[in-house]
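A.B. asks: Mind looking over this structure? Questions follow.
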Amino acid sequence: MNAIVVSTLLGVIMMFCSWGIQSQKAQKNIALFGLFVLIMANLAQANGWYTFNYDTKGMLAFNLFGLYANTLMFTLSFIYVWINGEEISKLSNAAADFYSLIFFILCGVSILTSFDNLLMLFIGIEILSIPLYILTGADKKNMLSNEAALKYFLMGSFSTGILLLGITLIYGGSGSFHLATPAIHISTGMVEEQLLVSAGLILIFAAMNFKVSAAPFHFWTPDVYDGAPTVFTSFMATIAKAAGFIAFVKIFNTQYLALGYSWTILLTFVILSTLLVGNIIAVFQRSVKRMLAYSSIAQAGFMLFALYGKSEISNESILLYAVVYSIATIGIFGVLVKMKENSFEAFNGLGKAHPLLAFTTTICLFSLAGIPLTGGFFAKYYMLSNLLKAGAGLWLIIVAVIFAAISIYYYFKIIQAMYFTAGEPAIGPMPKYYQYQLLILAIVLLVLGVLPNLLLNYLYF
Amino acid sequence: MILVSLLFIPILAAILVLFIKNNKLANWTAILLSAFTLLLVLQTLAAPIADFDIAWLPNLNSRFVLHADGLAKILLLLTAISFPSILIATAKNEYKQKNVFLSLLLFTQAGLMGVFLAGDALLFYFFWELALIPVYFLCSIWGGEKRIAITFKFFIYTFLGSLFMLAGILFVNAHTVGHSFSIQSFVHANLTNAQQVTAFALFFIAFAIKMPIFPLHTWQPDAYEQSPTAVTMVMSAVMVKMGLYGILRWLMPLFPFAFMAHTHFVVALSVMGVLYASFIAIRQDDIKRLIAYSSIAHIGLMNAALFTHTQVATQGVLIQLFSHGINVLGLWIVADIIEQQTGTRSMQQMGGLAKKQPTLAILLVGFALANIALPLTNSFVGEFLMFNGLFLFNPWMAALAGVSIVLAAIYTLNMVQKVAYGDISEKINTMQGPNKGAQAVLIVLLILVFITGVYAQPLFDLTADTLKQLFVK
């Protein structure tokens, strides 16, 4: 509850900041301070120091997993703003507006980690999505950015409609919006009701797949990621997406039984097509930004494994994966944002020109590829082990592993450009402190690559 | 504690060297620290060593366990001898950013040490990859003309293999009591015969790519040719042993049923690969490619011997793991000296080395004889036992594999003839001879070849415990 209230308040405060405070730097610092307050407020609830008491009539339920997910998402946002603040202020004179939108998104995030009712799911998704549409179009004078925003808005609204239809069908079949209803109702209800509920769940499944850009609902992703200003692509691909996944896992960890055998078929189909589309198309990209968009689809394929049946570690695995993937992606976008162009050639000779920056990029790419000693390895490891414990066939793991090997191909193209191809990197001015900021991300990834427990132990306190 | 230091001294050395900008100083630091590692390894040889065991990932039931039995020790010894030798022999070679080069080499050493020491499947996988990644950078930055594409092929090949192994590890782990990763619990995993075959296949692909075995070998000659020679030495002397080690450490004890079910298939495949590689070696003009194919042949033979599942052949392999490393290291060092000083690898342009550089020629002949496993040299001991086992397994296979001895003699002696004898060629005439360090290393290695050839008992003693574990139940 704390997080929802505080993030809304902060959003409003930030909105007025653009009016009173002119200095971009001050705006960034206020945003950082606000995020810090938000983290503290959330911790206050998680540790039982203080909680806003408000009876939500069972609409929201706060558990350790949701609160911890909040902490992680807020911390990631803090890192994101800390690193990208400068770039955000370059986009507009009133950067505080963007920060305000980010706070509203975080409000959506905190609803998505704690909803216990399908209506709250709908509200959370909307609060998360609408500011994202605006951020996509933040670069007002750029036609591509406008086009991306419009496309995202139209497609997003359509999928929200589907989500709403699904919720309605479930309500029609069971007479309740409560999250646990469909699963209970399936075993007791009549055939017509069961059909309604199943159809509703499948529609929700489709809409959620759209939100996390899983194939075959992924078509908006490359264009939107490519068109949006790079800083906001970074936000969209990481924190917003991770929150979508947490909501996804929250719904279907309790509901998959309701769909019975068809659930496995549906999910397997979506996972396989996501892995296929993401990995294969990423191989052929010429622009790093588009490659990262497809790679984010491919990574979504891996994250979907967390939905595979109910297993005690699926919560762990989605959190670890989301965090590690977000850190690595923020790192790479942090470099990309300073590039003058998005082609692979722009990275030529970066290893020589900026060894520290190249090292960070390498670690982030290793992590995305899932190479041991980086957090990405354990993220993938947890997913696969989750899959096996949920009783999936070994063949699915082997397919996943083959796609992981394919992903090496396009991630390593950047490494090859940086270290093995001579040339002058097309990079803007690169201050030292910015390099150190990014280096911290690499160090975190390396630490998580040896001791992933540091992140996961909190789930058990 | 000593086992941990074997792992961490190379890592510390690698980090230290990275910050030394002076090439000479960096080189000396690397040599001294790797020599120190060698001393530590020698200390472990005498008595059994207690496992090093601390908690690592409690949620996953994975522990940081280092375990050194005879099998591990003999490969640790090989690794520890190889690295100072390579560093001394190639000390004079010019590389841009030499400190980074040395640092990556030492990281590779740490990875290799870890692979041979790991007593936990997840840890094993970790080091397996850690040994590969520095090599990827070493070959791609300092290699020959076509280095990027070829190293990438090598990387993807081996990475895919190890991912299969990861799937295998997960699979076995899911069937152990309490989902543990330790070797003991893997050995006692509840696998049906069909499941054993699946897991066996997943592990075997990784090892087969690493060795490499016949249809999966295509990355190797190119990678050896394009890599800087110091790295080629590491790859062919030590890294290929990872595959054989994996079979001895994991495949044989873990999947006895699947192992026995596939003996004929794998032996046939390996023998075919031995002959195939030998025939190609005969046709090579490039000295590096010749040694690469010869190495494929030798490793294939060792793999065939392992899969006979006879005690005598396995003993042979345990000895040969060490001997082959020493021999091939000597051959590479000679080849490197010739390449560095003449600027060519083509044997057509060589000739007359014996007249121009008699010492080097003698050393070359010494290692060449060891390469054909002549009696008195170290390979004879191992290969004799291996053929013995092959004969017990299937006389026809032994006969077919025996042809490879003749073929080895043909290509090796052909090489000696082309390089050492004949008129002094233009290229050879410009040679100044090996520097003192390289020469000393070669002499030490050659002495080792003959000592272990005449008196191999210490090696038998060292590996006795592993053999007992594998064959006496």
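In the structure tokens, each chain is lettered A, B, ... as it comes, each chain's residues begin at 1, and ligands are numbered from 1 in order of appearance.
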Residues of chain B within 6 Å of chain A, counting only C-alpha atoms - could you list those as a list in words?
C.D. replies: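 Per the criterion, chain B yields Phe126, Ile141 and Leu160 of chain B.
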A.B. asks: Could you save the residues just selected, with C-alpha atoms, as a PDB file, in the first residue's frame?
C.D. replies:
ATOM      1  CA  PHE B 126      31.584 -23.100 -14.417  1.00  0.00           C
ATOM      2  CA  ILE B 141      42.719 -10.707 -30.996  1.00  0.00           C
ATOM      3  CA  LEU B 160      26.756 -25.468 -27.793  1.00  0.00           C
TER       4      LEU B 160
END
A.B. asks: Which residues are close to Ser379 in chain B, i.e. within 8 Å by only C-alpha atoms, leaving aside same-chain residues fewer than 4 positions away? Reply as a compact mmCIF listing (two decimals) with N, CA and C atoms, in the first residue's frame.
C.D. replies:
# COMPACT_ATOMS: atom_id res chain seq x y z
N GLN B 320 48.99 -41.80 -20.93
CA GLN B 320 49.12 -41.09 -22.20
C GLN B 320 48.59 -39.66 -22.11
N SER B 323 51.72 -38.00 -21.23
CA SER B 323 52.78 -38.11 -22.24
C SER B 323 52.45 -37.34 -23.51
N HIS B 324 51.20 -37.48 -23.97
CA HIS B 324 50.83 -36.78 -25.20
C HIS B 324 50.99 -35.28 -25.03
N ALA B 370 59.01 -39.58 -30.29
CA ALA B 370 58.02 -39.77 -29.23
C ALA B 370 56.62 -39.75 -29.83
N ASN B 371 56.43 -38.94 -30.86
CA ASN B 371 55.12 -38.83 -31.48
C ASN B 371 54.71 -40.13 -32.16
N ILE B 372 55.70 -40.90 -32.65
CA ILE B 372 55.35 -42.20 -33.25
C ILE B 372 55.41 -43.31 -32.21
N ALA B 373 55.63 -42.96 -30.97
CA ALA B 373 55.60 -43.94 -29.87
C ALA B 373 56.66 -45.01 -30.04
N LEU B 374 57.86 -44.61 -30.31
CA LEU B 374 58.96 -45.56 -30.39
C LEU B 374 59.29 -46.06 -28.98
N GLU B 383 50.76 -46.16 -25.31
CA GLU B 383 50.14 -46.73 -26.51
C GLU B 383 50.17 -48.25 -26.47
N GLY B 453 59.61 -42.62 -20.34
CA GLY B 453 59.61 -43.73 -21.29
C GLY B 453 60.29 -44.96 -20.72
A.B. asks: Quick one: residues within 12 Å of Gly173 in chain A, only C-alpha atoms counted, chain neighbours fewer than 5 positions away excluded, as number ranges by chain?
C.D. replies: A: 166-168, 181-186, 188-201
A.B. asks: Go ahead and compute the interatomic distance for CA of Gly300 in chain B and CA of Val271 in chain B, in Å to one decimal.
C.D. replies: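 So the answer is 6.7 Å.
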A.B. asks: As a list in words, list the residues of range 35-142 of chain B assigned to strand (DSSP E) by DSSP on the backbone atoms of this structure.
C.D. replies: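 Matching residues, listed in order: Phe52, Asp53, Ile54, Ala55, Trp56, Leu57, Ser62, Arg63, Phe64, Val65 and Leu66 of chain B.
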